[in-house]
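What follows is the content of query-v5.pdb (PDB, C-alpha atoms).
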```pdb
ATOM      1  CA  MET A  27      30.492  30.753   8.323  1.00  0.00           C
ATOM      2  CA  ALA A  28      27.978  29.298   5.855  1.00  0.00           C
ATOM      3  CA  ASN A  29      25.039  27.173   6.897  1.00  0.00           C
ATOM      4  CA  ALA A  30      24.695  23.878   5.098  1.00  0.00           C
ATOM      5  CA  GLN A  31      21.192  23.213   3.843  1.00  0.00           C
ATOM      6  CA  ARG A  32      19.653  19.835   3.337  1.00  0.00           C
ATOM      7  CA  PRO A  33      18.986  19.088  -0.300  1.00  0.00           C
ATOM      8  CA  ALA A  34      15.291  19.246  -1.155  1.00  0.00           C
ATOM      9  CA  PRO A  35      13.719  15.834  -1.726  1.00  0.00           C
ATOM     10  CA  THR A  36      13.221  14.985  -5.365  1.00  0.00           C
ATOM     11  CA  GLY A  37       9.795  14.004  -6.621  1.00  0.00           C
ATOM     12  CA  SER A  38       6.432  14.520  -5.008  1.00  0.00           C
ATOM     13  CA  LEU A  39       5.364  13.182  -1.629  1.00  0.00           C
ATOM     14  CA  PHE A  40       1.768  13.075  -2.883  1.00  0.00           C
ATOM     15  CA  PRO A  41       0.765   9.435  -3.555  1.00  0.00           C
ATOM     16  CA  ASN A  42      -0.465   9.954  -7.129  1.00  0.00           C
ATOM     17  CA  ARG A  43       2.826  11.580  -8.177  1.00  0.00           C
ATOM     18  CA  PHE A  44       5.226   9.716  -5.903  1.00  0.00           C
ATOM     19  CA  THR A  45       7.987   8.029  -7.935  1.00  0.00           C
ATOM     20  CA  GLY A  46       9.283   5.704  -5.199  1.00  0.00           C
ATOM     21  CA  ARG A  47       7.743   2.386  -4.198  1.00  0.00           C
ATOM     22  CA  GLN A  48       4.308   2.244  -2.650  1.00  0.00           C
ATOM     23  CA  ILE A  49       1.947  -0.420  -1.401  1.00  0.00           C
ATOM     24  CA  VAL A  50      -1.745   0.122  -2.122  1.00  0.00           C
ATOM     25  CA  VAL A  51      -4.500  -1.930  -0.475  1.00  0.00           C
ATOM     26  CA  GLU A  52      -8.100  -1.492  -1.571  1.00  0.00           C
ATOM     27  CA  VAL A  53     -10.899  -3.101   0.436  1.00  0.00           C
ATOM     28  CA  GLY A  54     -13.952  -4.066  -1.594  1.00  0.00           C
ATOM     29  CA  SER A  55     -14.864  -3.254  -5.164  1.00  0.00           C
ATOM     30  CA  ALA A  56     -17.463  -0.496  -4.685  1.00  0.00           C
ATOM     31  CA  PRO A  57     -16.642   2.985  -6.045  1.00  0.00           C
ATOM     32  CA  ASP A  58     -16.329   4.348  -2.489  1.00  0.00           C
ATOM     33  CA  ARG A  59     -14.051   1.566  -1.230  1.00  0.00           C
ATOM     34  CA  PRO A  60     -11.350   2.529   1.262  1.00  0.00           C
ATOM     35  CA  GLU A  61      -7.782   2.695  -0.037  1.00  0.00           C
ATOM     36  CA  TYR A  62      -4.673   2.525   2.140  1.00  0.00           C
ATOM     37  CA  ARG A  63      -1.189   3.508   0.938  1.00  0.00           C
ATOM     38  CA  LEU A  64       2.282   3.174   2.394  1.00  0.00           C
ATOM     39  CA  LEU A  65       5.046   5.049   0.584  1.00  0.00           C
ATOM     40  CA  ASP A  66       8.630   3.786   0.871  1.00  0.00           C
ATOM     41  CA  ASN A  67       9.490   6.902   2.880  1.00  0.00           C
ATOM     42  CA  GLY A  68       7.072   5.681   5.591  1.00  0.00           C
ATOM     43  CA  LEU A  69       4.178   8.075   4.937  1.00  0.00           C
ATOM     44  CA  LEU A  70       0.711   6.545   5.428  1.00  0.00           C
ATOM     45  CA  PHE A  71      -2.292   7.730   3.404  1.00  0.00           C
ATOM     46  CA  TYR A  72      -5.984   6.887   3.319  1.00  0.00           C
ATOM     47  CA  ARG A  73      -8.804   7.841   0.990  1.00  0.00           C
ATOM     48  CA  LYS A  74     -12.363   6.733   0.447  1.00  0.00           C
ATOM     49  CA  GLY A  75     -12.988   5.845  -3.179  1.00  0.00           C
ATOM     50  CA  SER A  76     -10.587   6.065  -6.087  1.00  0.00           C
ATOM     51  CA  GLU A  77     -11.569   9.684  -6.760  1.00  0.00           C
ATOM     52  CA  GLY A  78     -11.414  10.913  -3.147  1.00  0.00           C
ATOM     53  CA  SER A  79      -8.696  13.118  -1.747  1.00  0.00           C
ATOM     54  CA  PHE A  80      -5.851  11.610   0.271  1.00  0.00           C
ATOM     55  CA  THR A  81      -5.534  12.085   4.019  1.00  0.00           C
ATOM     56  CA  GLN A  82      -2.075  11.668   5.501  1.00  0.00           C
ATOM     57  CA  LEU A  83      -2.359   9.524   8.627  1.00  0.00           C
ATOM     58  CA  GLY A  84       1.192   9.648   9.891  1.00  0.00           C
ATOM     59  CA  GLN A  85       4.533   8.054   9.234  1.00  0.00           C
ATOM     60  CA  GLN A  86       5.958   4.625  10.011  1.00  0.00           C
ATOM     61  CA  ARG A  87       9.473   4.054  11.274  1.00  0.00           C
ATOM     62  CA  LYS A  88      11.997   3.120   8.605  1.00  0.00           C
ATOM     63  CA  ASP A  89      12.395  -0.471   9.875  1.00  0.00           C
ATOM     64  CA  SER A  90       8.595  -1.065   9.869  1.00  0.00           C
ATOM     65  CA  THR A  91       8.334   0.362   6.367  1.00  0.00           C
ATOM     66  CA  MET A  92      11.187  -1.776   5.032  1.00  0.00           C
ATOM     67  CA  LYS A  93       9.669  -4.912   6.639  1.00  0.00           C
ATOM     68  CA  ALA A  94       6.323  -4.269   4.918  1.00  0.00           C
ATOM     69  CA  PHE A  95       8.000  -3.903   1.515  1.00  0.00           C
ATOM     70  CA  ALA A  96      10.239  -6.945   2.124  1.00  0.00           C
ATOM     71  CA  ARG A  97       7.209  -9.050   3.075  1.00  0.00           C
ATOM     72  CA  LEU A  98       5.336  -8.105  -0.093  1.00  0.00           C
ATOM     73  CA  GLU A  99       8.327  -8.339  -2.442  1.00  0.00           C
ATOM     74  CA  GLN A 100      10.166 -11.358  -1.014  1.00  0.00           C
ATOM     75  CA  GLU A 101       7.655 -13.458   0.946  1.00  0.00           C
ATOM     76  CA  CYS A 102       4.534 -12.807  -1.144  1.00  0.00           C
ATOM     77  CA  LYS A 103       6.573 -12.456  -4.360  1.00  0.00           C
ATOM     78  CA  ILE A 104       4.021  -9.999  -5.770  1.00  0.00           C
ATOM     79  CA  LYS A 105       6.088  -9.340  -8.886  1.00  0.00           C
ATOM     80  CA  THR A 106       5.787 -12.982  -9.992  1.00  0.00           C
ATOM     81  CA  THR A 107       2.470 -14.078  -8.421  1.00  0.00           C
ATOM     82  CA  ARG A 108       0.006 -15.163 -11.075  1.00  0.00           C
ATOM     83  CA  GLN A 109      -3.535 -15.131  -9.770  1.00  0.00           C
ATOM     84  CA  GLU A 110      -6.564 -14.191 -11.782  1.00  0.00           C
ATOM     85  CA  LYS A 111      -8.111 -11.097 -10.265  1.00  0.00           C
ATOM     86  CA  PRO A 112     -11.846 -11.602  -9.707  1.00  0.00           C
ATOM     87  CA  GLU A 113     -14.351  -9.198 -11.239  1.00  0.00           C
ATOM     88  CA  LYS A 114     -15.383  -7.897  -7.787  1.00  0.00           C
ATOM     89  CA  PRO A 115     -12.478  -8.520  -5.402  1.00  0.00           C
ATOM     90  CA  ASP A 116     -12.903  -8.138  -1.644  1.00  0.00           C
ATOM     91  CA  VAL A 117      -9.261  -7.107  -1.278  1.00  0.00           C
ATOM     92  CA  THR A 118      -6.714  -5.888  -3.819  1.00  0.00           C
ATOM     93  CA  VAL A 119      -3.009  -5.505  -2.971  1.00  0.00           C
ATOM     94  CA  SER A 120      -0.767  -3.573  -5.363  1.00  0.00           C
ATOM     95  CA  TRP A 121       2.944  -2.762  -5.496  1.00  0.00           C
ATOM     96  CA  LYS A 122       3.756   0.379  -7.481  1.00  0.00           C
ATOM     97  CA  ARG A 123       6.838   2.269  -8.545  1.00  0.00           C
ATOM     98  CA  ALA A 124       6.334   5.141 -10.988  1.00  0.00           C
ATOM     99  CA  LYS A 125       4.381   3.527 -13.851  1.00  0.00           C
ATOM    100  CA  THR A 126       5.146  -0.097 -12.938  1.00  0.00           C
ATOM    101  CA  GLU A 127       2.424  -1.934 -11.050  1.00  0.00           C
ATOM    102  CA  PHE A 128       1.816  -5.509  -9.853  1.00  0.00           C
ATOM    103  CA  THR A 129      -1.595  -6.420  -8.414  1.00  0.00           C
ATOM    104  CA  VAL A 130      -3.156  -9.415  -6.664  1.00  0.00           C
ATOM    105  CA  GLY A 131      -6.849  -9.486  -5.748  1.00  0.00           C
ATOM    106  CA  TRP A 132      -9.140 -12.061  -4.183  1.00  0.00           C
ATOM    107  CA  GLU A 133     -12.689 -12.727  -3.059  1.00  0.00           C
ATOM    108  CA  LYS A 134     -13.580 -13.487   0.555  1.00  0.00           C
ATOM    109  CA  GLY A 135     -11.993 -16.727   1.724  1.00  0.00           C
ATOM    110  CA  GLN A 136      -9.967 -17.116  -1.484  1.00  0.00           C
ATOM    111  CA  ALA A 137      -6.805 -15.310  -0.401  1.00  0.00           C
ATOM    112  CA  PRO A 138      -3.498 -17.147  -0.595  1.00  0.00           C
ATOM    113  CA  GLU A 139      -2.404 -17.614   3.046  1.00  0.00           C
ATOM    114  CA  ILE A 140       0.733 -15.450   2.699  1.00  0.00           C
ATOM    115  CA  TYR A 141      -1.360 -12.574   1.304  1.00  0.00           C
ATOM    116  CA  LYS A 142      -3.945 -12.940   4.069  1.00  0.00           C
ATOM    117  CA  GLN A 143      -1.139 -12.582   6.649  1.00  0.00           C
ATOM    118  CA  PHE A 144       0.333  -9.630   4.750  1.00  0.00           C
ATOM    119  CA  TYR A 145      -3.054  -7.877   4.610  1.00  0.00           C
ATOM    120  CA  GLU A 146      -3.642  -8.271   8.363  1.00  0.00           C
ATOM    121  CA  ARG A 147      -0.185  -6.901   9.222  1.00  0.00           C
ATOM    122  CA  PHE A 148      -0.468  -4.074   6.714  1.00  0.00           C
ATOM    123  CA  ILE A 149      -3.870  -2.855   7.943  1.00  0.00           C
ATOM    124  CA  ALA A 150      -2.528  -2.911  11.524  1.00  0.00           C
ATOM    125  CA  LEU A 151      -0.101  -0.103  10.524  1.00  0.00           C
ATOM    126  CA  PHE A 152      -3.032   2.318  10.145  1.00  0.00           C
ATOM    127  CA  PRO A 153      -4.875   4.131  12.933  1.00  0.00           C
ATOM    128  CA  ARG A 154      -7.857   2.099  14.131  1.00  0.00           C
ATOM    129  CA  ILE A 155     -10.505   4.706  13.227  1.00  0.00           C
ATOM    130  CA  GLN A 156      -9.594   4.454   9.518  1.00  0.00           C
ATOM    131  CA  ARG A 157      -9.592   0.648   9.311  1.00  0.00           C
ATOM    132  CA  LYS A 158     -12.379  -1.317   7.714  1.00  0.00           C
TER     133      LYS A 158
END
```
Written as structure tokens, how would this file's structure read?
Amino acid sequence: MANAQRPAPTGSLFPNRFTGRQIVVEVGSAPDRPEYRLLDNGLLFYRKGSEGSFTQLGQQRKDSTMKAFARLEQECKIKTTRQEKPEKPDVTVSWKRAKTEFTVGWEKGQAPEIYKQFYERFIALFPRIQRK
């Protein structure tokens, strides 16, 4: 009797090489700004600064993950939102898939209401000690 093995996942689970969809939120514009990532497989990552190493913080349930992506893609319409990104944004939200990226950034108090709501819900997915 042969044992069936699960096929190995294709692609990397590391955020910089992940080929699926991911949501990236950066808080502030300083070099050591915190960065939060949600991959479409539910994995949560955090790093301080764009050069820092990633820390995996856990995994979201599939329904929570799909809701976050649906909110950003369908309610916020990130792929078609046209907003000039300020030179020093307080918050930047990005949607990525392989080499495709859509980004919206804003200064304090300038966020479109739907993005402000998205940001608050998104940050709530992460453990409290890593939130800024």
A:Thr106, A:Val117, A:Gln100, A:Ala150: which is nearest Gly135 in chain A, counting only C-alpha atoms?
A:Val117
Nearest to Ala96 in chain A, restricted to only C-alpha atoms and choosing among A:Tyr62, A:Trp132, A:Phe40, A:Phe144, comes out as A:Phe144
Write out as an mmCIF file with C-alpha atoms, in the frame of the given file each polymer residue whose atoms come within 10 Å of range 120-122 of chain A, counting only C-alpha atoms; drop sequence neighbours fewer than 2 positions from it.
```
data_model
loop_
_atom_site.group_PDB
_atom_site.id
_atom_site.type_symbol
_atom_site.label_atom_id
_atom_site.label_comp_id
_atom_site.auth_asym_id
_atom_site.auth_seq_id
_atom_site.Cartn_x
_atom_site.Cartn_y
_atom_site.Cartn_z
ATOM 1 C CA PHE A 44 5.226 9.716 -5.903
ATOM 2 C CA THR A 45 7.987 8.029 -7.935
ATOM 3 C CA GLY A 46 9.283 5.704 -5.199
ATOM 4 C CA ARG A 47 7.743 2.386 -4.198
ATOM 5 C CA GLN A 48 4.308 2.244 -2.650
ATOM 6 C CA ILE A 49 1.947 -0.420 -1.401
ATOM 7 C CA VAL A 50 -1.745 0.122 -2.122
ATOM 8 C CA VAL A 51 -4.500 -1.930 -0.475
ATOM 9 C CA GLU A 52 -8.100 -1.492 -1.571
ATOM 10 C CA ARG A 63 -1.189 3.508 0.938
ATOM 11 C CA LEU A 64 2.282 3.174 2.394
ATOM 12 C CA LEU A 65 5.046 5.049 0.584
ATOM 13 C CA PHE A 95 8.000 -3.903 1.515
ATOM 14 C CA LEU A 98 5.336 -8.105 -0.093
ATOM 15 C CA GLU A 99 8.327 -8.339 -2.442
ATOM 16 C CA ILE A 104 4.021 -9.999 -5.770
ATOM 17 C CA LYS A 105 6.088 -9.340 -8.886
ATOM 18 C CA THR A 118 -6.714 -5.888 -3.819
ATOM 19 C CA ALA A 124 6.334 5.141 -10.988
ATOM 20 C CA LYS A 125 4.381 3.527 -13.851
ATOM 21 C CA THR A 126 5.146 -0.097 -12.938
ATOM 22 C CA GLU A 127 2.424 -1.934 -11.050
ATOM 23 C CA PHE A 128 1.816 -5.509 -9.853
ATOM 24 C CA THR A 129 -1.595 -6.420 -8.414
ATOM 25 C CA VAL A 130 -3.156 -9.415 -6.664
ATOM 26 C CA GLY A 131 -6.849 -9.486 -5.748
#
```
Which distance in Å separates CA of Gly54 in chain A and CA of Pro115 in chain A, to one decimal?
6.0 Å
Enumerate, as a count of residues only, the residues matched when the PyMOL selection byres ((chain A and resi 147) around 12) is run on the file above.
20
Using all atoms listed in the file, the best pick from A:Pro60, A:Pro41, A:Pro138, A:Gly68 as closest to Gly84 in chain A would be A:Gly68
Which distance in Å separates CA of Ser79 in chain A and CA of Ser55 in chain A, to one decimal?
17.8 Å
So how many Å separate CA of Glu113 in chain A and CA of Asp66 in chain A, to one decimal?
29.0 Å
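Residue selection for this entry, given the PyMOL selection byres ((chain A and resi 75) around 6), comprises Pro57, Asp58, Arg59, Pro60, Lys74, Ser76, Glu77 and Gly78 of chain A.
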Would you save the residues from that selection as a PDB file, in the frame of the given file, using C-alpha atoms?
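The resulting file, result.pdb, is shown below:
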```
ATOM      1  CA  PRO A  57     -16.642   2.985  -6.045  1.00  0.00           C
ATOM      2  CA  ASP A  58     -16.329   4.348  -2.489  1.00  0.00           C
ATOM      3  CA  ARG A  59     -14.051   1.566  -1.230  1.00  0.00           C
ATOM      4  CA  PRO A  60     -11.350   2.529   1.262  1.00  0.00           C
ATOM      5  CA  LYS A  74     -12.363   6.733   0.447  1.00  0.00           C
ATOM      6  CA  SER A  76     -10.587   6.065  -6.087  1.00  0.00           C
ATOM      7  CA  GLU A  77     -11.569   9.684  -6.760  1.00  0.00           C
ATOM      8  CA  GLY A  78     -11.414  10.913  -3.147  1.00  0.00           C
TER       9      GLY A  78
END
```
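Here the question is which of A:Arg123, A:Lys114, A:Asn67, A:Arg108 gets nearest to Asn42 in chain A using only C-alpha atoms, and that residue is A:Arg123.
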